[in-house]
Amino acid sequence: MSVDLKDGLPEPWSDRFDQGLNPAIERFNASIGFDIALLQEDLDGSVAHANMLAKCGVISFEEAKELEAGLETIRTEAAKGLFKPCLADEDVHFAVERRLISLLGPVAKKLHTGRSRNDQVATDLRLWLRRRIDELDLELERFQKALFVKAEHHLYTLLPGYTHLQRAQPISVAHHLIAYIEMIQRDRNRFTEVRARVNISPLGAAALAGTSVPIDRHYTAKTLGFADISANSLDAVSDRDFVIEFTSASSLVMAHLSRLAEEVILWSSEEFAFVKLTDRCATGSSLMPQKKNPDVPELVRGKTGRVFGHLQGLLTMIKGLPLAYNKDFQEDKEALFDVVITTKTSLEAMSILFEEGLHFSEERLMGAVESDFSNSTDVADYLVKKGIPFREAYQLVGGLVKECLEKGILLRDLSLQQWQAVSSSIEEDLHEKLAPKMVVASRMSEGGTSFTRVEQQLKHWRIRLGFESK
Ligand code: ARG
């Protein structure tokens, strides 16, 4: 944000100071360049505080009305782009107070009664974050829905399932995508839990020790929609756990997005060719005309590091701080704002990627699961059903795979005689049981990839995400 530099303004603090700040220190100290983002919440908090002061008889109701009207004028000015704090305002809290004084005169000087910027900034930040969490939850839900629509479309499309990035067992594409819907649901649950701890009012803790002014903390808490007030004034002004746990929850969101992003990047390569990127989300190369680059998932993967970095930065910021408020806390804002914007835009980009940015190449996927040994476990399981102990069956199939590899053939190319040479209990039905669709269909255990199980999962999410009523 650009800030108007207005020289000659008195410093906002008390008469104990004779000299103005060194201009470089003024710039270094100021947070107005970024905490202007808290303006709405600062105004909300001040309106609630003013009304509470009147209700408690500290100021008159007329004065509270005047203060509220002045604060709303500032809101309107800001909406019209007319509220332009300067560097000398230092931060959003001083900027509002100064503007209020120039609008209303002496009565505005009563607003800060029984309050400090220390409880004010903590209140603003909690109000701000509460709103952002609600917005993020909508983005998370949108992403789940985008994954769901794709999953529903690809229940019967098969994908090689991997462990160690080696082909392991075929799975339904839907099963794979629902795994991410589950992760995102846990992310949403985490945000809900964090939100409950964010939603506690520090207002009225004042500088650190409370105040002798007869205030009503429950009144402001209720007006601002907080569920409760913080119990200890020192903790109230010096707690930034909520910023850190929010960043931690966002880090997990980013980790989940990054894993899927990495898969899309691999899948869109010529080597895999499991998905095709559409022109809506892919970019070209400035030099190589044949290229279509997966910039979206690459950026998401790259941005993940920023969010993880903020988590480390914030933890380090608080680790040596004595109680109560320390200016170090001012450093929480740019980190938090960046975490929110990065997580939100990454989620939005990944939603768009799944909504209109990629297609699964069904033929290629089907070809992939038909040309490998990912049905080996199924032969072993078949033998187990015929009474052969699993470890023995496993060895037998291992030997067969080796033989096939040497001959350059697949398990399904073996004749019944060759199978029976391994075990006389093998019958004609093995062949059809080895077809990838049958293999997938057979994984009937709860939470498994069989079509019936995945259809159950789809049904659960169809209702949960509001595509169908119960
Ligand atoms: N700009 C400050 C911050 O972000 C506001 C609180 C300032 N309090 C103080 N005692 N200097 O933390």
# chains A, B, ... in the order shown; residues from 1 in each chain; ligands from 1

$ residues_near_ligand --ligand "ligand 1" --cutoff "10 Å" --atoms "only C-alpha atoms and all ligand atoms" --output "NGL selection string"
:A and (13 or 29-32 or 34-35 or 90-94 or 116-122 or 124-125 or 207-208 or 237-238 or 325-334)

$ closest_residue --among "A:Leu43, A:Ile215, A:Ile36, A:Ala349" --to "Cys56 in chain A" --atoms "only C-alpha atoms"
A:Ile215

$ closest_residue --among "A:Leu53, A:Ser233, A:Asp134, A:Leu39" --to "Leu71 in chain A" --atoms "only C-alpha atoms"
A:Leu39

$ atom_distance --atom1 "CA of Ala78 in chain A" --atom2 "CA of Glu26 in chain A"
23.5 Å

$ decode --residues "range 307-340 of chain A" --atoms "N, CA, C and O atoms" --output "PDB file, in the first residue's frame"
ATOM      1  N   VAL A 307       4.255 -20.483   3.108  1.00  0.00           N
ATOM      2  CA  VAL A 307       3.386 -20.652   4.281  1.00  0.00           C
ATOM      3  C   VAL A 307       4.149 -21.400   5.389  1.00  0.00           C
ATOM      4  O   VAL A 307       4.110 -21.005   6.558  1.00  0.00           O
ATOM      5  N   PHE A 308       4.871 -22.455   4.999  1.00  0.00           N
ATOM      6  CA  PHE A 308       5.676 -23.171   5.999  1.00  0.00           C
ATOM      7  C   PHE A 308       6.677 -22.197   6.639  1.00  0.00           C
ATOM      8  O   PHE A 308       6.937 -22.248   7.833  1.00  0.00           O
ATOM      9  N   GLY A 309       7.259 -21.344   5.820  1.00  0.00           N
ATOM     10  CA  GLY A 309       8.254 -20.381   6.314  1.00  0.00           C
ATOM     11  C   GLY A 309       7.654 -19.435   7.335  1.00  0.00           C
ATOM     12  O   GLY A 309       8.278 -19.139   8.358  1.00  0.00           O
ATOM     13  N   HIS A 310       6.422 -18.984   7.073  1.00  0.00           N
ATOM     14  CA  HIS A 310       5.770 -18.087   8.033  1.00  0.00           C
ATOM     15  C   HIS A 310       5.533 -18.786   9.369  1.00  0.00           C
ATOM     16  O   HIS A 310       5.622 -18.172  10.427  1.00  0.00           O
ATOM     17  N   LEU A 311       5.213 -20.070   9.296  1.00  0.00           N
ATOM     18  CA  LEU A 311       4.980 -20.817  10.539  1.00  0.00           C
ATOM     19  C   LEU A 311       6.251 -20.784  11.400  1.00  0.00           C
ATOM     20  O   LEU A 311       6.217 -20.488  12.591  1.00  0.00           O
ATOM     21  N   GLN A 312       7.360 -21.050  10.750  1.00  0.00           N
ATOM     22  CA  GLN A 312       8.644 -21.025  11.465  1.00  0.00           C
ATOM     23  C   GLN A 312       8.940 -19.625  11.981  1.00  0.00           C
ATOM     24  O   GLN A 312       9.376 -19.432  13.121  1.00  0.00           O
ATOM     25  N   GLY A 313       8.692 -18.629  11.150  1.00  0.00           N
ATOM     26  CA  GLY A 313       8.969 -17.241  11.523  1.00  0.00           C
ATOM     27  C   GLY A 313       8.147 -16.815  12.730  1.00  0.00           C
ATOM     28  O   GLY A 313       8.666 -16.179  13.657  1.00  0.00           O
ATOM     29  N   LEU A 314       6.883 -17.186  12.724  1.00  0.00           N
ATOM     30  CA  LEU A 314       5.999 -16.771  13.824  1.00  0.00           C
ATOM     31  C   LEU A 314       6.374 -17.474  15.129  1.00  0.00           C
ATOM     32  O   LEU A 314       6.392 -16.860  16.198  1.00  0.00           O
ATOM     33  N   LEU A 315       6.680 -18.747  15.035  1.00  0.00           N
ATOM     34  CA  LEU A 315       7.090 -19.469  16.242  1.00  0.00           C
ATOM     35  C   LEU A 315       8.347 -18.839  16.825  1.00  0.00           C
ATOM     36  O   LEU A 315       8.463 -18.635  18.036  1.00  0.00           O
ATOM     37  N   THR A 316       9.270 -18.502  15.940  1.00  0.00           N
ATOM     38  CA  THR A 316      10.526 -17.901  16.403  1.00  0.00           C
ATOM     39  C   THR A 316      10.266 -16.507  16.980  1.00  0.00           C
ATOM     40  O   THR A 316      10.905 -16.106  17.947  1.00  0.00           O
ATOM     41  N   MET A 317       9.308 -15.801  16.384  1.00  0.00           N
ATOM     42  CA  MET A 317       8.988 -14.454  16.860  1.00  0.00           C
ATOM     43  C   MET A 317       8.562 -14.458  18.331  1.00  0.00           C
ATOM     44  O   MET A 317       8.948 -13.588  19.099  1.00  0.00           O
ATOM     45  N   ILE A 318       7.758 -15.453  18.729  1.00  0.00           N
ATOM     46  CA  ILE A 318       7.242 -15.395  20.105  1.00  0.00           C
ATOM     47  C   ILE A 318       8.155 -16.075  21.123  1.00  0.00           C
ATOM     48  O   ILE A 318       7.983 -15.868  22.326  1.00  0.00           O
ATOM     49  N   LYS A 319       9.108 -16.857  20.651  1.00  0.00           N
ATOM     50  CA  LYS A 319       9.736 -17.779  21.598  1.00  0.00           C
ATOM     51  C   LYS A 319      10.475 -17.125  22.764  1.00  0.00           C
ATOM     52  O   LYS A 319      10.531 -17.674  23.840  1.00  0.00           O
ATOM     53  N   GLY A 320      11.008 -15.935  22.561  1.00  0.00           N
ATOM     54  CA  GLY A 320      11.769 -15.351  23.679  1.00  0.00           C
ATOM     55  C   GLY A 320      11.081 -14.152  24.309  1.00  0.00           C
ATOM     56  O   GLY A 320      11.719 -13.398  25.033  1.00  0.00           O
ATOM     57  N   LEU A 321       9.802 -13.967  24.036  1.00  0.00           N
ATOM     58  CA  LEU A 321       9.157 -12.728  24.483  1.00  0.00           C
ATOM     59  C   LEU A 321       8.661 -12.799  25.919  1.00  0.00           C
ATOM     60  O   LEU A 321       7.816 -13.622  26.253  1.00  0.00           O
ATOM     61  N   PRO A 322       9.175 -11.898  26.757  1.00  0.00           N
ATOM     62  CA  PRO A 322       8.645 -11.827  28.122  1.00  0.00           C
ATOM     63  C   PRO A 322       7.223 -11.264  28.068  1.00  0.00           C
ATOM     64  O   PRO A 322       6.884 -10.554  27.124  1.00  0.00           O
ATOM     65  N   LEU A 323       6.431 -11.547  29.080  1.00  0.00           N
ATOM     66  CA  LEU A 323       5.091 -10.963  29.129  1.00  0.00           C
ATOM     67  C   LEU A 323       5.221  -9.459  29.351  1.00  0.00           C
ATOM     68  O   LEU A 323       6.146  -9.013  29.991  1.00  0.00           O
ATOM     69  N   ALA A 324       4.376  -8.597  28.853  1.00  0.00           N
ATOM     70  CA  ALA A 324       3.191  -8.987  28.098  1.00  0.00           C
ATOM     71  C   ALA A 324       3.406  -8.539  26.649  1.00  0.00           C
ATOM     72  O   ALA A 324       4.122  -9.185  25.919  1.00  0.00           O
ATOM     73  N   TYR A 325       2.860  -7.375  26.245  1.00  0.00           N
ATOM     74  CA  TYR A 325       3.026  -6.941  24.854  1.00  0.00           C
ATOM     75  C   TYR A 325       4.477  -6.567  24.563  1.00  0.00           C
ATOM     76  O   TYR A 325       5.154  -5.946  25.385  1.00  0.00           O
ATOM     77  N   ASN A 326       4.940  -6.927  23.407  1.00  0.00           N
ATOM     78  CA  ASN A 326       6.236  -6.483  22.879  1.00  0.00           C
ATOM     79  C   ASN A 326       6.021  -6.086  21.432  1.00  0.00           C
ATOM     80  O   ASN A 326       5.189  -6.674  20.738  1.00  0.00           O
ATOM     81  N   LYS A 327       6.789  -5.120  20.974  1.00  0.00           N
ATOM     82  CA  LYS A 327       6.596  -4.622  19.603  1.00  0.00           C
ATOM     83  C   LYS A 327       6.859  -5.711  18.568  1.00  0.00           C
ATOM     84  O   LYS A 327       6.391  -5.640  17.433  1.00  0.00           O
ATOM     85  N   ASP A 328       7.606  -6.722  18.985  1.00  0.00           N
ATOM     86  CA  ASP A 328       7.843  -7.856  18.075  1.00  0.00           C
ATOM     87  C   ASP A 328       6.530  -8.343  17.449  1.00  0.00           C
ATOM     88  O   ASP A 328       6.506  -8.811  16.315  1.00  0.00           O
ATOM     89  N   PHE A 329       5.457  -8.229  18.229  1.00  0.00           N
ATOM     90  CA  PHE A 329       4.161  -8.732  17.749  1.00  0.00           C
ATOM     91  C   PHE A 329       3.694  -8.055  16.460  1.00  0.00           C
ATOM     92  O   PHE A 329       2.875  -8.609  15.728  1.00  0.00           O
ATOM     93  N   GLN A 330       4.189  -6.858  16.242  1.00  0.00           N
ATOM     94  CA  GLN A 330       3.794  -6.168  15.011  1.00  0.00           C
ATOM     95  C   GLN A 330       4.174  -6.996  13.781  1.00  0.00           C
ATOM     96  O   GLN A 330       3.572  -6.865  12.722  1.00  0.00           O
ATOM     97  N   GLU A 331       5.192  -7.852  13.959  1.00  0.00           N
ATOM     98  CA  GLU A 331       5.670  -8.700  12.859  1.00  0.00           C
ATOM     99  C   GLU A 331       4.685  -9.828  12.517  1.00  0.00           C
ATOM    100  O   GLU A 331       4.870 -10.527  11.524  1.00  0.00           O
ATOM    101  N   ASP A 332       3.685 -10.027  13.337  1.00  0.00           N
ATOM    102  CA  ASP A 332       2.756 -11.127  13.039  1.00  0.00           C
ATOM    103  C   ASP A 332       1.882 -10.834  11.816  1.00  0.00           C
ATOM    104  O   ASP A 332       1.439 -11.746  11.134  1.00  0.00           O
ATOM    105  N   LYS A 333       1.668  -9.533  11.552  1.00  0.00           N
ATOM    106  CA  LYS A 333       0.633  -9.191  10.575  1.00  0.00           C
ATOM    107  C   LYS A 333       0.985  -9.520   9.133  1.00  0.00           C
ATOM    108  O   LYS A 333       0.215 -10.186   8.440  1.00  0.00           O
ATOM    109  N   GLU A 334       2.153  -9.063   8.707  1.00  0.00           N
ATOM    110  CA  GLU A 334       2.495  -9.349   7.299  1.00  0.00           C
ATOM    111  C   GLU A 334       2.531 -10.851   7.040  1.00  0.00           C
ATOM    112  O   GLU A 334       2.114 -11.317   5.979  1.00  0.00           O
ATOM    113  N   ALA A 335       3.032 -11.597   8.050  1.00  0.00           N
ATOM    114  CA  ALA A 335       3.082 -13.053   7.903  1.00  0.00           C
ATOM    115  C   ALA A 335       1.658 -13.604   7.777  1.00  0.00           C
ATOM    116  O   ALA A 335       1.335 -14.339   6.837  1.00  0.00           O
ATOM    117  N   LEU A 336       0.815 -13.210   8.723  1.00  0.00           N
ATOM    118  CA  LEU A 336      -0.560 -13.721   8.724  1.00  0.00           C
ATOM    119  C   LEU A 336      -1.304 -13.332   7.445  1.00  0.00           C
ATOM    120  O   LEU A 336      -1.981 -14.171   6.828  1.00  0.00           O
ATOM    121  N   PHE A 337      -1.162 -12.089   7.032  1.00  0.00           N
ATOM    122  CA  PHE A 337      -1.867 -11.644   5.819  1.00  0.00           C
ATOM    123  C   PHE A 337      -1.398 -12.475   4.616  1.00  0.00           C
ATOM    124  O   PHE A 337      -2.199 -12.864   3.772  1.00  0.00           O
ATOM    125  N   ASP A 338      -0.108 -12.730   4.574  1.00  0.00           N
ATOM    126  CA  ASP A 338       0.431 -13.489   3.446  1.00  0.00           C
ATOM    127  C   ASP A 338      -0.041 -14.952   3.482  1.00  0.00           C
ATOM    128  O   ASP A 338      -0.327 -15.542   2.449  1.00  0.00           O
ATOM    129  N   VAL A 339      -0.125 -15.499   4.678  1.00  0.00           N
ATOM    130  CA  VAL A 339      -0.621 -16.881   4.809  1.00  0.00           C
ATOM    131  C   VAL A 339      -2.053 -16.951   4.266  1.00  0.00           C
ATOM    132  O   VAL A 339      -2.400 -17.854   3.492  1.00  0.00           O
ATOM    133  N   VAL A 340      -2.865 -15.979   4.656  1.00  0.00           N
ATOM    134  CA  VAL A 340      -4.269 -16.005   4.240  1.00  0.00           C
ATOM    135  C   VAL A 340      -4.378 -15.864   2.722  1.00  0.00           C
ATOM    136  O   VAL A 340      -5.041 -16.668   2.057  1.00  0.00           O
TER     137      VAL A 340
END
